Amino acid sequence: MPPEPVNPDAYRAPIGTHDVLAPESRRWQTLVAAFADRAERFGFDLVVTPVFEHREVFQRVGATTDVVRKEMYELTDRGGRDLALRPEGTAPVVRAYVQHRPVPPWKAWYVAPNFRYERPQKGRYRQHWQLGAEVLGVDDPEIDVEVIALAHGFYREVGLERVELLVNSMGDETSRPAYAAALRSYLLDHAPALGEEFRERVEASPLRVLDSKRPEWADVIERAPQLTEHLSDDSRIHFEAVLAGLDALGVAHTIAPRLVRGFDYYTRTTFEFVSSALDAAQNAVGGGGRYDRLAEEMGGPPTPGIGFGIGIERVLIAADAEGAVEVGPRGRLDVFVVDGVGDGSAARVTDALRRAGLRVDRAFGGRSVKAQWKVADRSGAEVAVMLGRDEAARGAVAVKDLTTGEQVEVALAALATWVHEHSTAARRRVTPGTAPETGSSP
């Protein structure tokens, strides 16, 4: 019986997803490492939550949001449980807090894939990756400032200079309902001219309309009542303290009265980072806000919280526009080992160099020395170590600088030290004026 024909589409990444290979994957490593380092300096620890949760966890983000109504991937497992793939990062972290009750304040950061069924476009995928941070258990405008500063400084540390911070207050349980009623009344007055879809959105959630990018609605939205004009005294005091805190840290910001973000759980402080290097309709590269009732809605004790998410793909598009987060073709490896003896010593030398903390690779498959040198030249390594019979008899190896072409003989026992010193000297040549090491910490 002839084999069944192969469907070529079955063996491609699904629509709305993408593979990330080197060298692009090294840019991802750079971003994640920079975020992890900064989060740890702020006292945050990594949290890892499941890719899927019980559907109810995500229904708490807002039944009227497009994420829950139209975009969430839902499934029923073989045990009849209703589950959903994670569409956003905050709800799973809050669920983990409610379940495990870590001692507050709980400061957690994450890197995780999210899933939304939406029309794929540049930088917006059905599976997209997010960096994020959350703080639970602190009701203090100063923690709002710290969380915003964590994200704000991350963009600067990876070289993005055209990212701007927008801030707003969503009010509290006292002021927000009154504002929503005033906004609904205003928007419904314009519904006859803007159509049935506009009316339906207003009836479902008038604040969501403010988040719309529909050009035919823009003029009405622009003239809508502003939330900051309806804040309670407590919300206004909190917001003013956040703004003062940002000023004190030198974090530039713009008040955006119509910034509401995309989820119903936000209260009081909301913020968004936008890149002027991107098209205005799709210029957000991260954002978040305060969610003081979400833990309680999941069955936990009343617990204030605040956090944000940063899309890795979106940040890298902004980085492309600014020429940031570049990873050079060289430097991925410290050493490439060329085997000219074939007696197993290449594996031992490679292992010893790796144990010394160096990044090392070698060729396999019994290739000729000439073929191995070609692989070494393509590897991006700083130096190549040649194992030859004559050098082996002297307890040495030949070492070639793959940038300059210079070659020296080095005692095998001193090889790791030599490579470390050579790499340090090479970095100093690349960065003139580097101060000599003294052996002590600053």
# chains A, B, ... in the order shown; residues from 1 in each chain; ligands from 1
call {"tool": "select_by_dssp", "arguments": {"residues": "segment 120-329 of chain A", "states": "helix (DSSP H, G or I)", "output": "PyMOL selection string"}}
result
chain A and resi 141-157+175-194+196-204+206-210+215-222+227-230+233-248+280-282+294-297+312-322
call {"tool": "residues_around", "arguments": {"residues": "Gly287 of chain A", "least_positions_apart": "6", "cutoff": "6 Å", "atoms": "only C-alpha atoms", "output": "count of residues only"}}
result
5
call {"tool": "residues_around", "arguments": {"residues": "segment 165-174 of chain A", "least_positions_apart": "4", "cutoff": "6 Å", "atoms": "only C-alpha atoms", "output": "list in words"}}
result
Leu231, Ser235, His253, Thr254, Ile255, Ala256, Pro257, Thr267, Arg268, Thr269, Thr270, Phe271, Glu272 and Phe273 of chain A
call {"tool": "select_by_dssp", "arguments": {"residues": "segment 332-370 of chain A", "states": "strand (DSSP E)", "output": "list in words"}}
result
Val335, Phe336, Val337, Val338, Asp339, Val360, Asp361 and Arg362 of chain A
call {"tool": "closest_residue", "arguments": {"among": "A:Val145, A:Glu313, A:Ala182, A:Glu56", "to": "Phe239 of chain A", "atoms": "only C-alpha atoms"}}
result
A:Val145
call {"tool": "closest_residue", "arguments": {"among": "A:Gly123, A:Gly305, A:Gly132, A:Pro87", "to": "Val48 of chain A", "atoms": "only C-alpha atoms"}}
result
A:Gly132
call {"tool": "atom_distance", "arguments": {"atom1": "atom CA of Arg258 of chain A", "atom2": "atom CA of Glu197 of chain A"}}
result
20.3 Å
call {"tool": "residues_around", "arguments": {"residues": "Ala281 of chain A", "least_positions_apart": "2", "cutoff": "12 Å", "atoms": "only C-alpha atoms", "output": "PDB file with C-alpha atoms, in the first residue's frame"}}
result
ATOM      1  CA  ASP A 211      -9.546  51.727  24.658  1.00  0.00           C
ATOM      2  CA  SER A 212     -10.840  51.449  21.078  1.00  0.00           C
ATOM      3  CA  LYS A 213      -8.641  52.385  18.118  1.00  0.00           C
ATOM      4  CA  ARG A 214     -11.605  52.695  15.711  1.00  0.00           C
ATOM      5  CA  PRO A 215     -10.978  55.944  13.752  1.00  0.00           C
ATOM      6  CA  VAL A 274       4.624  53.245  24.235  1.00  0.00           C
ATOM      7  CA  SER A 275       7.387  53.498  21.657  1.00  0.00           C
ATOM      8  CA  SER A 276       7.543  56.494  19.339  1.00  0.00           C
ATOM      9  CA  ALA A 277       9.656  54.286  17.047  1.00  0.00           C
ATOM     10  CA  LEU A 278       6.532  52.242  16.199  1.00  0.00           C
ATOM     11  CA  ASP A 279       3.316  53.005  14.350  1.00  0.00           C
ATOM     12  CA  ASN A 283       2.962  51.303  19.697  1.00  0.00           C
ATOM     13  CA  ALA A 284       2.431  49.729  23.150  1.00  0.00           C
ATOM     14  CA  VAL A 285       5.414  47.703  24.388  1.00  0.00           C
TER      15      VAL A 285
END
call {"tool": "decode", "arguments": {"residues": "segment 101-197 of chain A", "atoms": "C-alpha atoms", "output": "compact mmCIF listing (two decimals), in the first residue's frame"}}
result
# COMPACT_ATOMS: atom_id res chain seq x y z
CA ARG A 101 -0.29 32.19 50.66
CA PRO A 102 3.35 33.36 50.57
CA VAL A 103 4.23 35.96 53.20
CA PRO A 104 3.33 39.43 51.90
CA PRO A 105 4.64 41.55 50.41
CA TRP A 106 5.16 38.94 47.70
CA LYS A 107 7.31 40.20 44.83
CA ALA A 108 7.40 37.85 41.84
CA TRP A 109 8.62 38.07 38.26
CA TYR A 110 7.96 35.72 35.35
CA VAL A 111 8.68 34.95 31.71
CA ALA A 112 5.95 32.94 30.02
CA PRO A 113 3.99 32.35 26.80
CA ASN A 114 0.44 33.70 26.50
CA PHE A 115 -2.21 32.57 24.03
CA ARG A 116 -4.90 34.63 22.30
CA TYR A 117 -6.91 33.84 19.21
CA GLU A 118 -6.63 37.11 17.34
CA ARG A 119 -5.67 38.22 13.86
CA PRO A 120 -1.91 37.74 13.58
CA GLN A 121 0.12 40.79 12.63
CA LYS A 122 3.64 42.03 13.09
CA GLY A 123 4.58 41.65 16.74
CA ARG A 124 1.18 40.24 17.72
CA TYR A 125 1.02 36.45 17.72
CA ARG A 126 -1.50 33.90 18.91
CA GLN A 127 1.30 32.60 21.08
CA HIS A 128 3.34 35.52 22.38
CA TRP A 129 5.86 35.78 25.19
CA GLN A 130 5.75 38.13 28.11
CA LEU A 131 8.03 39.34 30.85
CA GLY A 132 6.20 40.51 33.93
CA ALA A 133 6.35 41.40 37.61
CA GLU A 134 3.71 41.47 40.34
CA VAL A 135 3.62 42.67 43.96
CA LEU A 136 0.84 41.46 46.26
CA GLY A 137 0.09 42.59 49.79
CA VAL A 138 1.10 46.28 49.70
CA ASP A 139 -1.36 49.18 49.49
CA ASP A 140 1.11 52.03 49.16
CA PRO A 141 1.66 54.46 46.27
CA GLU A 142 5.39 54.02 46.80
CA ILE A 143 5.18 50.39 45.64
CA ASP A 144 3.34 51.62 42.54
CA VAL A 145 6.32 53.89 41.88
CA GLU A 146 8.78 51.05 42.43
CA VAL A 147 6.97 48.70 40.04
CA ILE A 148 6.78 51.38 37.34
CA ALA A 149 10.45 52.24 37.87
CA LEU A 150 11.38 48.57 37.50
CA ALA A 151 9.82 48.46 34.03
CA HIS A 152 10.93 51.96 33.04
CA GLY A 153 14.58 51.25 33.81
CA PHE A 154 14.49 47.92 31.98
CA TYR A 155 13.79 49.64 28.67
CA ARG A 156 16.68 52.00 29.25
CA GLU A 157 19.06 49.22 30.25
CA VAL A 158 18.45 47.32 26.99
CA GLY A 159 19.06 50.49 24.98
CA LEU A 160 15.56 51.74 24.16
CA GLU A 161 15.49 55.53 24.32
CA ARG A 162 12.16 56.25 22.58
CA VAL A 163 9.85 54.54 25.08
CA GLU A 164 7.46 56.88 26.90
CA LEU A 165 5.41 56.29 30.05
CA LEU A 166 1.69 57.09 30.17
CA VAL A 167 -0.10 57.03 33.54
CA ASN A 168 -3.69 57.33 34.73
CA SER A 169 -5.92 56.41 37.65
CA MET A 170 -8.91 54.12 37.22
CA GLY A 171 -10.41 55.28 40.51
CA ASP A 172 -11.80 53.01 43.22
CA GLU A 173 -15.08 51.27 44.05
CA THR A 174 -16.50 54.65 45.09
CA SER A 175 -15.56 56.86 42.15
CA ARG A 176 -15.43 54.40 39.27
CA PRO A 177 -19.14 53.45 39.14
CA ALA A 178 -20.16 57.12 39.12
CA TYR A 179 -17.74 57.84 36.29
CA ALA A 180 -18.91 54.77 34.34
CA ALA A 181 -22.52 55.99 34.60
CA ALA A 182 -21.58 59.48 33.35
CA LEU A 183 -19.50 58.01 30.53
CA ARG A 184 -22.26 55.60 29.48
CA SER A 185 -24.78 58.42 29.30
CA TYR A 186 -22.43 60.55 27.19
CA LEU A 187 -21.55 57.73 24.81
CA LEU A 188 -25.15 56.58 24.34
CA ASP A 189 -26.07 60.10 23.26
CA HIS A 190 -23.76 59.53 20.27
CA ALA A 191 -24.76 55.91 19.60
CA PRO A 192 -27.43 56.71 16.93
CA ALA A 193 -24.73 58.24 14.71
CA LEU A 194 -22.08 55.56 15.34
CA GLY A 195 -24.05 52.34 14.87
CA GLU A 196 -25.21 49.25 16.68
CA GLU A 197 -21.75 47.85 17.45
